[in-house]
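Content type mmCIF, C-alpha atoms, from the file data.cif:
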```cif
data_protein
#
loop_
_atom_site.label_atom_id
_atom_site.label_comp_id
_atom_site.auth_asym_id
_atom_site.auth_seq_id
_atom_site.Cartn_x
_atom_site.Cartn_y
_atom_site.Cartn_z
CA MET A 14 95.12 84.29 111.01
CA ASN A 15 95.85 83.42 114.59
CA ALA A 16 95.24 86.05 117.22
CA LEU A 17 98.36 87.79 118.45
CA THR A 18 99.38 87.38 122.05
CA LYS A 19 100.51 90.34 124.10
CA GLY A 20 103.79 91.71 122.81
CA ASP A 21 103.75 89.74 119.54
CA PHE A 22 102.65 92.73 117.48
CA THR A 23 105.91 94.55 118.17
CA GLU A 24 107.74 91.89 116.18
CA LEU A 25 105.72 92.41 112.98
CA ASP A 26 106.51 94.99 110.32
CA ASP A 27 103.13 95.05 108.58
CA PRO A 28 100.47 97.16 110.34
CA TRP A 29 97.68 95.59 108.29
CA ALA A 30 98.62 92.11 109.48
CA ILE A 31 98.37 93.33 113.06
CA PHE A 32 95.11 95.15 112.43
CA HIS A 33 93.38 92.16 110.84
CA ALA A 34 94.56 89.85 113.63
CA TRP A 35 93.30 92.24 116.29
CA MET A 36 90.00 92.77 114.48
CA ALA A 37 89.46 89.01 114.22
CA GLU A 38 90.01 88.67 117.94
CA ALA A 39 87.71 91.62 118.67
CA GLU A 40 84.97 90.03 116.59
CA ARG A 41 85.15 87.01 118.90
CA SER A 42 85.35 88.90 122.19
CA GLU A 43 83.51 92.22 121.91
CA PRO A 44 79.87 91.96 123.00
CA ASN A 45 78.62 94.57 120.51
CA ASP A 46 79.89 96.27 117.34
CA PRO A 47 83.59 95.33 117.25
CA THR A 48 83.83 97.35 114.02
CA ALA A 49 82.70 100.58 115.74
CA MET A 50 85.24 103.37 115.43
CA ALA A 51 85.33 106.98 116.52
CA LEU A 52 85.72 109.17 113.44
CA ALA A 53 87.05 112.73 113.75
CA THR A 54 86.66 115.40 111.09
CA ALA A 55 86.96 119.19 111.28
CA ASP A 56 84.59 122.00 110.29
CA ALA A 57 85.42 125.15 108.36
CA ASP A 58 86.78 126.79 111.52
CA GLY A 59 89.03 123.84 112.28
CA LEU A 60 86.85 122.76 115.22
CA PRO A 61 86.86 118.95 115.46
CA ASN A 62 83.76 116.79 115.36
CA VAL A 63 83.82 113.16 116.46
CA ARG A 64 81.20 110.42 116.23
CA MET A 65 80.95 106.64 116.08
CA VAL A 66 80.67 104.93 112.69
CA LEU A 67 81.04 101.32 111.59
CA LEU A 68 84.02 100.07 109.62
CA LYS A 69 82.83 98.23 106.52
CA ALA A 70 86.12 97.33 104.82
CA ALA A 71 89.82 97.51 105.56
CA ASP A 72 92.78 96.63 103.38
CA GLU A 73 96.04 98.15 102.20
CA ARG A 74 94.05 100.93 100.51
CA GLY A 75 92.54 102.11 103.81
CA PHE A 76 89.58 102.03 106.18
CA VAL A 77 86.08 102.35 104.64
CA PHE A 78 82.82 103.60 106.13
CA TYR A 79 79.53 104.67 104.53
CA THR A 80 77.30 107.65 105.16
CA ASN A 81 75.10 110.37 103.72
CA ALA A 82 77.51 112.71 101.95
CA GLU A 83 75.20 115.64 102.83
CA SER A 84 75.60 114.97 106.56
CA ASN A 85 77.89 117.07 108.74
CA LYS A 86 80.77 114.65 108.31
CA GLY A 87 80.18 114.39 104.57
CA ARG A 88 80.26 118.16 104.14
CA GLU A 89 83.31 118.48 106.37
CA LEU A 90 85.16 115.81 104.40
CA ALA A 91 84.26 117.51 101.13
CA ALA A 92 85.86 120.74 102.39
CA ASN A 93 88.76 119.13 104.28
CA PRO A 94 89.37 115.53 103.10
CA GLN A 95 91.34 114.41 106.14
CA ALA A 96 90.22 112.37 109.13
CA ALA A 97 91.35 110.42 112.17
CA LEU A 98 89.85 107.29 113.70
CA VAL A 99 90.08 105.25 116.88
CA PHE A 100 89.05 101.66 117.62
CA HIS A 101 88.78 100.83 121.32
CA TRP A 102 88.19 97.20 122.25
CA LYS A 103 87.53 97.26 125.97
CA SER A 104 87.31 93.48 126.31
CA LEU A 105 90.85 93.16 124.91
CA ARG A 106 92.24 96.37 126.42
CA ARG A 107 93.49 97.39 123.01
CA GLN A 108 93.25 100.49 120.87
CA VAL A 109 94.10 101.37 117.27
CA ARG A 110 94.48 104.92 116.01
CA ALA A 111 94.92 106.06 112.41
CA ARG A 112 94.78 109.24 110.39
CA GLY A 113 95.14 110.22 106.78
CA ARG A 114 93.63 111.58 103.60
CA VAL A 115 90.07 110.69 102.66
CA THR A 116 88.60 109.87 99.26
CA LYS A 117 85.22 108.58 98.14
CA VAL A 118 84.93 104.92 97.18
CA SER A 119 83.95 104.07 93.61
CA ASP A 120 80.29 104.02 92.61
CA ALA A 121 80.60 100.27 92.07
CA GLU A 122 81.82 99.75 95.64
CA ALA A 123 79.07 101.96 97.05
CA ASP A 124 76.40 100.21 94.96
CA ALA A 125 77.59 96.77 96.05
CA TYR A 126 77.63 97.62 99.73
CA PHE A 127 74.27 99.44 99.59
CA ALA A 128 72.67 96.41 97.92
CA SER A 129 73.93 94.21 100.77
CA ARG A 130 72.16 96.24 103.47
CA PRO A 131 68.78 95.18 104.91
CA ARG A 132 65.89 96.58 102.90
CA ASP A 133 64.67 98.75 105.80
CA SER A 134 68.13 100.30 106.10
CA ARG A 135 68.09 101.15 102.40
CA ILE A 136 64.68 102.79 102.82
CA GLY A 137 66.03 104.68 105.82
CA ALA A 138 68.87 106.09 103.73
CA TRP A 139 66.28 107.74 101.48
CA ALA A 140 64.10 108.93 104.35
CA SER A 141 66.78 110.51 106.55
CA GLN A 142 68.11 113.98 105.81
CA GLN A 143 71.04 113.18 108.05
CA SER A 144 72.30 115.89 110.44
CA ARG A 145 69.61 118.39 109.43
CA PRO A 146 66.86 119.64 111.78
CA LEU A 147 63.92 117.25 112.25
CA GLU A 148 60.62 118.84 113.26
CA SER A 149 59.22 115.66 114.83
CA ARG A 150 59.62 111.90 115.00
CA PHE A 151 56.40 111.64 113.04
CA ALA A 152 58.01 113.51 110.12
CA LEU A 153 60.72 110.86 109.93
CA GLU A 154 58.21 108.01 110.14
CA LYS A 155 56.16 109.69 107.40
CA ALA A 156 59.24 109.89 105.16
CA VAL A 157 60.00 106.21 105.81
CA ALA A 158 56.43 105.29 104.86
CA PHE A 159 56.66 107.39 101.70
CA TYR A 160 59.83 105.72 100.45
CA ALA A 161 58.67 102.27 101.52
CA ALA A 162 55.65 102.77 99.26
CA ARG A 163 57.74 104.28 96.48
CA TYR A 164 60.06 101.27 96.45
CA ALA A 165 57.52 98.64 97.40
CA ILE A 166 58.38 96.57 94.35
CA GLY A 167 61.84 95.75 93.10
CA GLU A 168 65.21 96.85 94.35
CA VAL A 169 65.84 99.97 96.39
CA PRO A 170 68.44 102.03 94.48
CA ARG A 171 71.29 103.81 96.21
CA PRO A 172 70.57 107.51 96.79
CA PRO A 173 72.98 109.72 94.83
CA TYR A 174 74.09 111.40 98.07
CA TRP A 175 74.85 108.14 99.91
CA THR A 176 78.35 106.78 99.48
CA GLY A 177 81.48 105.49 101.15
CA PHE A 178 84.68 107.15 102.23
CA ARG A 179 88.13 105.60 102.48
CA ILE A 180 90.72 106.84 104.95
CA ASP A 181 94.16 106.19 103.46
CA PRO A 182 96.33 106.19 106.57
CA ILE A 183 99.66 107.93 106.82
CA ALA A 184 100.06 106.58 110.37
CA ILE A 185 98.59 103.68 112.37
CA GLU A 186 99.24 103.33 116.09
CA PHE A 187 98.65 100.18 118.16
CA TRP A 188 98.18 100.38 121.93
CA GLN A 189 97.63 97.61 124.42
CA ASP A 190 97.23 97.67 128.16
CA ARG A 191 100.07 96.67 130.48
CA PRO A 192 100.27 96.68 134.29
CA PHE A 193 101.04 99.93 136.12
CA ARG A 194 100.19 101.96 133.01
CA LEU A 195 103.40 100.84 131.30
CA HIS A 196 101.45 100.19 128.13
CA ASP A 197 102.76 99.00 124.78
CA ARG A 198 102.61 101.59 122.00
CA VAL A 199 103.92 101.12 118.48
CA VAL A 200 103.28 103.54 115.62
CA PHE A 201 103.71 102.76 111.93
CA THR A 202 104.36 105.75 109.68
CA ARG A 203 104.11 105.43 105.93
CA ALA A 204 107.14 106.48 103.89
CA PRO A 205 107.76 106.20 100.11
CA GLU A 206 109.67 102.98 100.67
CA GLY A 207 107.04 101.47 102.97
CA TRP A 208 106.07 101.52 106.62
CA THR A 209 108.48 102.52 109.37
CA LYS A 210 107.88 101.34 112.92
CA THR A 211 108.61 103.21 116.14
CA ARG A 212 108.00 102.23 119.73
CA LEU A 213 106.62 105.06 121.88
CA TYR A 214 106.74 105.72 125.59
CA PRO A 215 103.32 105.01 127.17
#
```

Is it possible to give me this structure as structure tokens?
Amino acid sequence: MNALTKGDFTELDDPWAIFHAWMAEAERSEPNDPTAMALATADADGLPNVRMVLLKAADERGFVFYTNAESNKGRELAANPQAALVFHWKSLRRQVRARGRVTKVSDAEADAYFASRPRDSRIGAWASQQSRPLESRFALEKAVAFYAARYAIGEVPRPPYWTGFRIDPIAIEFWQDRPFRLHDRVVFTRAPEGWTKTRLYP
């Protein structure tokens, strides 16, 4: 798909077509991690938490990322399965925001993606008790060595607590820079009959 020029996205009625075009351009222009997105969840008190994660799939079903389900974000999503995300591509002066309900991906999807990761990353998924206190760097290195020895031969299986989450967006907003802070903003909101599009003041 050809990259969209400034202003073109306002003429399209499919947010996924815009997103994939922008992502393709970001993959050509961003110097590092064009798939990085800020992910916001909330704890039991409603206090937000935000961190960077990597997008691993995106289609009409939603945005997918993978993590340890026993991490802070995993526990927060289990208790409150809603999230928001932001992509910011500085080289393009563009931003995408989305929010929606969150569900786990299927075991088959999680297995397939885990198997595609570098072997050392798969070992690391076993060794890291993500988000929990770590007494020393040596303790982490010791855990890595233990699991590297345990899975020295054959495939490294996916840990039962490691999986993917899919954000099924109810809204997707596209922002791009314009002179004098008169930026372009268009938000797509999902309705039973499809997506509705609204232009917003900057």

>> Could you list, as a PyMOL selection string, every residue matched by the PyMOL selection byres ((chain A and resi 112) around 7) in this structure?
In response: chain A and resi 96-98+111+113+182-184

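When CA of Trp139 (chain A) is paired with CA of Val169 (chain A), their separation reads 9.3 Å.
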
>> Using only C-alpha atoms, which protein or nucleic acid residues come within 8 Å of Lys210 (chain A)? Drop anything in the same chain fewer than 2 positions from it, and give the result as an MDAnalysis selection string.
In response: chainID A and resid 26 199:202 208 212

>> For the provided coordinates, the residues matched by the PyMOL selection byres ((chain A and resi 81) around 10) should be stated as an MDAnalysis selection string.
In response: chainID A and resid 79:80 82:88 138:139 141:144 172:177

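Ranking A:Phe187, A:Phe100, A:Phe78, A:Phe178 by their shortest atom-to-atom distance to Leu25 (chain A), with only C-alpha atoms included, puts A:Phe187 first.
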
>> Assuming the chain letters and numbering stay as they are in my file, what does the PyMOL selection byres ((chain A and resi 60-72) around 10) actually select? List them as a VMD selection string.
In response: chain A and resid 29 to 30 32 to 33 46 to 59 73 to 80 85 to 86 89 96 to 100 126 177 179 to 181

>> As an exercise, work out the distance from CA of Pro131 (chain A) to CA of Glu168 (chain A) in Å and give it to one decimal place.
In response: 11.3 Å

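Minimum atom-to-atom distance to Phe193 (chain A), evaluated using all atoms listed in the file, belongs to A:Pro215 out of A:Val118, A:Ala158, A:Leu105, A:Pro215.
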
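All protein, DNA and RNA residues at most 12 Å from (80.6, 96.1, 126.6) are Ala39, Ser42, Glu43, Pro44, Asn45, Asp46, Pro47, Ala49, His101, Trp102, Lys103, Ser104, Leu105 and Arg106 of chain A, using all atoms listed in the file.
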
Please dump the current selection as an mmCIF file, in the coordinates of the input; keep C-alpha atoms.
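What follows is the written file out.cif:
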```cif
data_model
loop_
_atom_site.group_PDB
_atom_site.id
_atom_site.type_symbol
_atom_site.label_atom_id
_atom_site.label_comp_id
_atom_site.auth_asym_id
_atom_site.auth_seq_id
_atom_site.Cartn_x
_atom_site.Cartn_y
_atom_site.Cartn_z
ATOM 1 C CA ALA A 39 87.710 91.620 118.670
ATOM 2 C CA SER A 42 85.350 88.900 122.190
ATOM 3 C CA GLU A 43 83.510 92.220 121.910
ATOM 4 C CA PRO A 44 79.870 91.960 123.000
ATOM 5 C CA ASN A 45 78.620 94.570 120.510
ATOM 6 C CA ASP A 46 79.890 96.270 117.340
ATOM 7 C CA PRO A 47 83.590 95.330 117.250
ATOM 8 C CA ALA A 49 82.700 100.580 115.740
ATOM 9 C CA HIS A 101 88.780 100.830 121.320
ATOM 10 C CA TRP A 102 88.190 97.200 122.250
ATOM 11 C CA LYS A 103 87.530 97.260 125.970
ATOM 12 C CA SER A 104 87.310 93.480 126.310
ATOM 13 C CA LEU A 105 90.850 93.160 124.910
ATOM 14 C CA ARG A 106 92.240 96.370 126.420
#
```

> Could you state the separation of CA of Lys117 (chain A) and CA of Pro170 (chain A) in Å, given to one decimal place?
Replying inline: 18.4 Å

>> Set the distance at 9 Å and use all atoms listed in the file: which residues neighbour Gly137 (chain A) once local chain neighbours fewer than 5 positions away are removed? I'd like the list as a PyMOL selection string.
In response: chain A and resi 132+156-157+160-161

Using only C-alpha atoms, which protein or nucleic acid residues come within 7 Å of Pro94 (chain A)? Drop anything in the same chain fewer than 5 positions from it, and give the result as a tab-separated table (two decimals) with C-alpha atoms, keeping the file's coordinate frame.
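Result file out_17.tsv:
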```
chain	number	residue	atom	x	y	z
A	114	ARG	CA	93.63	111.58	103.60
A	115	VAL	CA	90.07	110.69	102.66
A	116	THR	CA	88.60	109.87	99.26
```
